[in-house]
Amino acid sequence: MTASNTSKRKLRSDSNSTAASATTDSSGKEDVSSSASSQPETSRPTPSTQMDDTGSSRLFQPHRSLGLLTAAHPAANANNFSHSPSSHLFLSKRGKFHLQPQGQSSEETFVTVPLGERFQILTISKLVPILVSRALPPSSEHHRTRLLRSSDTCNAQYSGGDEEEMHQAISDSSLSVTIATHGPKLLRRAVSITLYSRTRPLVCLDAFPFLAEKKTGRKNRWGIVDMINLGKQRMVMTGEKEGKMENTLLLAIVCARDDVTKTNKKDNSGIDVVGNDSDEESDNESDLAGESNTVTSSSSSSYSSEDDKKYIADNETSPANDCYGRVLIVQASRTSMKIIKTVDLSGIGSNFIPHTGLHPATYVNKILLAGRPTNAAKNDSKPTTSIILLNVRSGKMLHSFQCLSDSCGIITTLEQSPAVDTVAVGTSTGSVHLINTLHDVQLFSLHHKGKQLSKKSSPVNAVSSISFRTDGNATRQGVAPLAVGCDDGSVSVWDLTPVEDDNDGTIRRTLLTQMEATHHGGVSKLQYLPGEPLLLSTGMASNSVLLHVFDAPDHSGRILRQRKGHTSPPSLLRYLHPGVGGGGILANASDGTDAASCQILSCGGPGDLSLRLFSTARTNLDKEYSQGPGLERKAKKLGLVGPEGRAELLLPEVAGLATSEARSRDWGDLVTIHKDHAMAYVWSTNRGSQTGPVLRQPQWNVSIMKTRPPRSAHATSVAISACGNFALVGTVGGIVYKYNIQSGIPRGSFPRDATSLTEEEERRRKKGIKVAGDVGRTMRMLEKNSMKGGVMPSDIDQAERDRISFVEAEAKRNAIIKRASHEGAVVGIAIDSLNKTVVTAGSDSKLVLWNFVTHMPNKKSPIMLPSPATKLTHVRDSDLAAIAMRDFGVAVFDCSSLSIVRYFGGSRYASPSELRLSHTGPISDMGFGPDGRKLFTSSLDGTIRVWDVPTGLCVDWMSFASPPTSMALSPTGEFLATSHVGRLGISLWCDKSFFRMVLLDGTPSEPAKMNEPQPVAECEQEEADQSLSISMPRSVAVKDYSSINGDNDEHGANDGVPPQAKGEGLITLSGLPPGHWKNLFHLELVKERNKPKEAPQKPPQAPFFLQWRSVIDSSTNDDADNAGNAQSTAKDDDGWDAVWSDDDNGDDVDNTADASEEASDGAKPAKQGEIETTKASKRRKVMHYRSKLAELLQNCSDENNYSEVTRYLSTMGPSAIDVEISSLCYGAHDLEDGLHLLHLASLWLVEACESNQSFEAVNAYLHRFLHVHGNIFIQIDTDLKEDEKENLLKLKEFADTIAHLREKQNAASTRLQGKMQHTICLLRHLSRMV
């Protein structure tokens, strides 16, 4: 096995793969350039990449993701990172950003942030992504095979075991090259190194190829723990630019082996066993010590001298038994990456496990490695060390630092101070030690206390990141700030200026400020921007990026910019203005409206009590809705510290919400209900806060110190009327309460007698005080008037009969109410657009229709469902309600005819052959399309189905790697938003039918496996740096290694090809926009309407410095523009070479001017119809046609196939089509050259009419052709008798072609009119039968 075959893998694409636009297909294909190394091995595709899966379905394709900012994981918390040495070893650097300053200000600073399977580069000025990479390539097969043998892998549901996870990413100064470390997600450590060129992965190196040789167990649990940037190095280029020098990026990859051993469950030794030990094999595996391979790297000699070769160990060679650390020196250029040296930590570095590293300032070829001694070394009497100094060039251990005691814990981070030879050391015990590396002396220490997790344990608060502030303002204020981030999410800022204590005279340091609970789950990394009082920080599980500014006199910090997302997977999604289905307005970019309505309300899942608003247009419009002013201040006042204390003041998890746009300017337009909570809350979307009244019954206590409402009163569903005045809240006990949104006053219940009178209402009733909106009072007055009848009874018998009849009517009414009332929880509520009918669905299989005014049930209520209901959605335009049931089916109820009109899925399709017609898991969410014709259902079986309501067919079937928990359709139907189990982001899918023809033919036989959408770059090119404006990606392809390997797209294979007719005699339409062919009929009218009314006039009072010309020399301007464009194009082509190449000789200057001069001297006058171009070697003739259409007609006539002509015209606009057709012949005087082209055009139209394809477009082209050249045809008919004999044959042939074209067009038109008339008569006959 050679080094190039094991440690280096190339990512190549098929030669036929093309880059698809992100706006039409997110699974684009793009060629990946190969590196300059010799004999690369093509990466073997994994089983997932061999599938012909494009990541899109019939209707939808991935568009983008929202709310995903950092590599945060929902299961991450502070406890996972504070105690275990193994956790700190492999997870402490995961997700940390890399800051890359580009200038003197923060506006030119960029930050590279790992994001799951990719990375994104943010600009500090707006915290928006300007570059998002492609997905990571898969790690080596032997690392992934270990996961399959793991005992706990099958239990890790929805954890993405087949996915890669990026741990660290470092970009160069030009942001064109990025080095990333990654590994399989379930492996929980980085094992591979990948080189990115902008967004494309080029080279992937296996850091531990020796693990593939033998079965290795826990003794060889290796992983990458840190990456250290060593700067740039000059390297000789190869290939076309051989001999020239270029800059390369030099990195030190720190690797470590864990020494955690498996312990007996009864043994209470305190050693933690963390995560899934996927590397553990059988107990009979042999030790690899002494059995190392002796393979030598072919690239090792390119870095060191002959004297240093003895210190180089190849990365394929297994390390010694007492070696727990290894450093790989990696050299990366624009096109290649290789490991040039391997240094094993043996000898003085044996029994030492590195956790982090640092390249000290002014220390050439030297790095500091910090970590902890092994458990075996701790038990020995020999002295141990936690920091060593290593020379990466010679491979020697220069020094072992002894200034820190053994009780300092694990060293988690190192940071270089502004002073030379001074380094800050952070430990797992919460201490920060400043040491002098020159004299091996500890200067002083800072201590941070954490929270106590148990009674027996001591408070623990590990330090995760350190940063020094270097701006001039701090120096002028006489402070030296040091920011320390800890695992409890707090950020402490210390003043390192020594202050003498007045009591005992000791020297101490001052704590300037402490920001509690800055990041949920702990601080991942923080760093001051160079020369500015700005602190950038990210969290381990907070899914946020914060930029603090320290400009206050007391040195406290405030948030200057921030971007936050959910800390747990969203549980509920709804568009802010739901369009037709919810009574909102339609808004899109086509009708001139802005994107204000393209906003998604998202509710956090368990542990995340926030309600957030995400914009599908711009991420800087995202925000979190406020739950009350001064929550942080109230929490501190009550002694509630941290996120847990703040959560006690927040509302519980949102269980449902409803919006109405009708009265959003007057009062609240959003009502939410919460889990295990009886009251509903009114929000204002304009203010972005909960400012409305609390919707509750008068007898319910608001204070938590008093008796809470019963569990039967807990809210389960909510709806708002179309007028925006009333809110209906369903409960667990089956009662629906009605409230006024403006005042919060109860307005009755469904059924009407469910609301009991309070003492205040009883007092008002006795005194005769009228209560506005009291439905009970109104009904009692109506009953009293009906008893009077205008005349009192004359005898006692009549009064008794009236009393008996009233009692019987009341008993009958109560029986109807009792029969219609829900006996279980109300799972869904819907109100029609006229506020006449209320539809409720319950878990007792009842569907009840209520009168909105009288609160009485309909006569046909209840309507029994085949299975208990779980959800309900309603579309007001068609008055249809969809009810999801427990048998995984959906029933569509027509509220007008009071009958169930459609069933989708359910228990009817229980046989295995019919499972494709039904969901196989609980339905998590539903929604109607904007036109009410499509019904979308998501299920926990991992699929989403699109049902066509009129035909009852499933027209689309999508499958996801993680089950969808909620979904929302945009007001226009263009986008579908989904949330998934275990994913913090919101996935956005675009409907392909909005920009191309989609054929929905029958039910899909199998689900389409969807690729996960990814974030997109949003920075405008004119605002970005000039280096970033070149080929700035507007979108990113999703996990597309199937496309890189050349797999074809079955859905997109026929894109751009007109559909074929399914039977003989049938016609097909072109699918082009109507304006393409309709405007051809009225082109003169359009031109007349667009004609300018008056000529441009000189301004009456132009300033003297503004010159004005009535006529502009277009030729001069065009020449200048062409010259400028050519110059800018040349600059663009050489832009990336100038970044990397340092060649100033100018050998490659293109002598274009000389070449063009020579060409012009040798040119001859061109004849009519052709131009002769002279070159040094030969002469060739280039035919010159009067138009592109004329050239196509001539070429297609040779092949006798004119389909390319129709396809060419379909890509042009109406005016361009008119110009092309008009250029075929300029009049009767041009018949010598134009008659032949007119004949070819007639043959093309005859073939197009016979093919029956693109029927409407071809007829529009024919109309324009006859309109433009009709006069020429008349003159040809007149001149037929008078023409010369040699031209009679051509004119006769052309006349016959025109006559044949007329017959074909008449036949097609007559046949189409007959079919249309037959269809119209049939529809009219059927409509009369209904």
# chains A, B, ... in the order shown; residues from 1 in each chain; ligands from 1

call {"tool": "residues_around", "arguments": {"residues": "Pro62 in chain A", "least_positions_apart": "2", "cutoff": "8 Å", "atoms": "only C-alpha atoms", "output": "PyMOL selection string"}}
result
chain A and resi 25-26+55-56+60+64+987-990+1010-1013+1038

call {"tool": "residues_around", "arguments": {"residues": "Ser1242 in chain A", "least_positions_apart": "3", "cutoff": "7 Å", "atoms": "only C-alpha atoms", "output": "mmCIF file with C-alpha atoms, in the first residue's frame"}}
result
data_model
loop_
_atom_site.group_PDB
_atom_site.id
_atom_site.type_symbol
_atom_site.label_atom_id
_atom_site.label_comp_id
_atom_site.auth_asym_id
_atom_site.auth_seq_id
_atom_site.Cartn_x
_atom_site.Cartn_y
_atom_site.Cartn_z
ATOM 1 C CA LEU A 1238 -38.656 31.939 -47.060
ATOM 2 C CA HIS A 1239 -38.920 28.495 -48.593
ATOM 3 C CA LEU A 1245 -43.608 25.480 -40.331
ATOM 4 C CA VAL A 1246 -45.011 22.507 -42.261
ATOM 5 C CA THR A 1297 -45.043 24.601 -50.021
ATOM 6 C CA ILE A 1298 -47.246 27.532 -48.972
#

call {"tool": "atom_distance", "arguments": {"atom1": "CA of Asp925 in chain A", "atom2": "CA of Ser939 in chain A"}}
result
7.1 Å

call {"tool": "residues_around", "arguments": {"residues": "Ile410 in chain A", "least_positions_apart": "6", "cutoff": "8 Å", "atoms": "only C-alpha atoms", "output": "count of residues only"}}
result
7

call {"tool": "residues_around", "arguments": {"residues": "Ala462 in chain A", "least_positions_apart": "6", "cutoff": "8 Å", "atoms": "only C-alpha atoms", "output": "ChimeraX atom specification"}}
result
/A:82,412,426-431,486-488

call {"tool": "write_last_selection", "arguments": {"atoms": "C-alpha atoms", "output": "PDB file, in the first residue's frame"}}
result
ATOM      1  CA  SER A  82     -17.411  19.581  31.760  1.00  0.00           C
ATOM      2  CA  THR A 412      -8.758  23.076  27.457  1.00  0.00           C
ATOM      3  CA  GLY A 426      -7.557  27.690  30.452  1.00  0.00           C
ATOM      4  CA  THR A 427      -8.360  24.557  32.419  1.00  0.00           C
ATOM      5  CA  SER A 428     -11.332  22.312  33.074  1.00  0.00           C
ATOM      6  CA  THR A 429     -11.467  23.431  36.729  1.00  0.00           C
ATOM      7  CA  GLY A 430     -12.425  26.999  35.763  1.00  0.00           C
ATOM      8  CA  SER A 431      -8.976  28.567  36.215  1.00  0.00           C
ATOM      9  CA  CYS A 486     -16.999  29.099  30.268  1.00  0.00           C
ATOM     10  CA  ASP A 487     -19.071  25.978  29.808  1.00  0.00           C
ATOM     11  CA  ASP A 488     -21.984  27.424  31.776  1.00  0.00           C
TER      12      ASP A 488
END
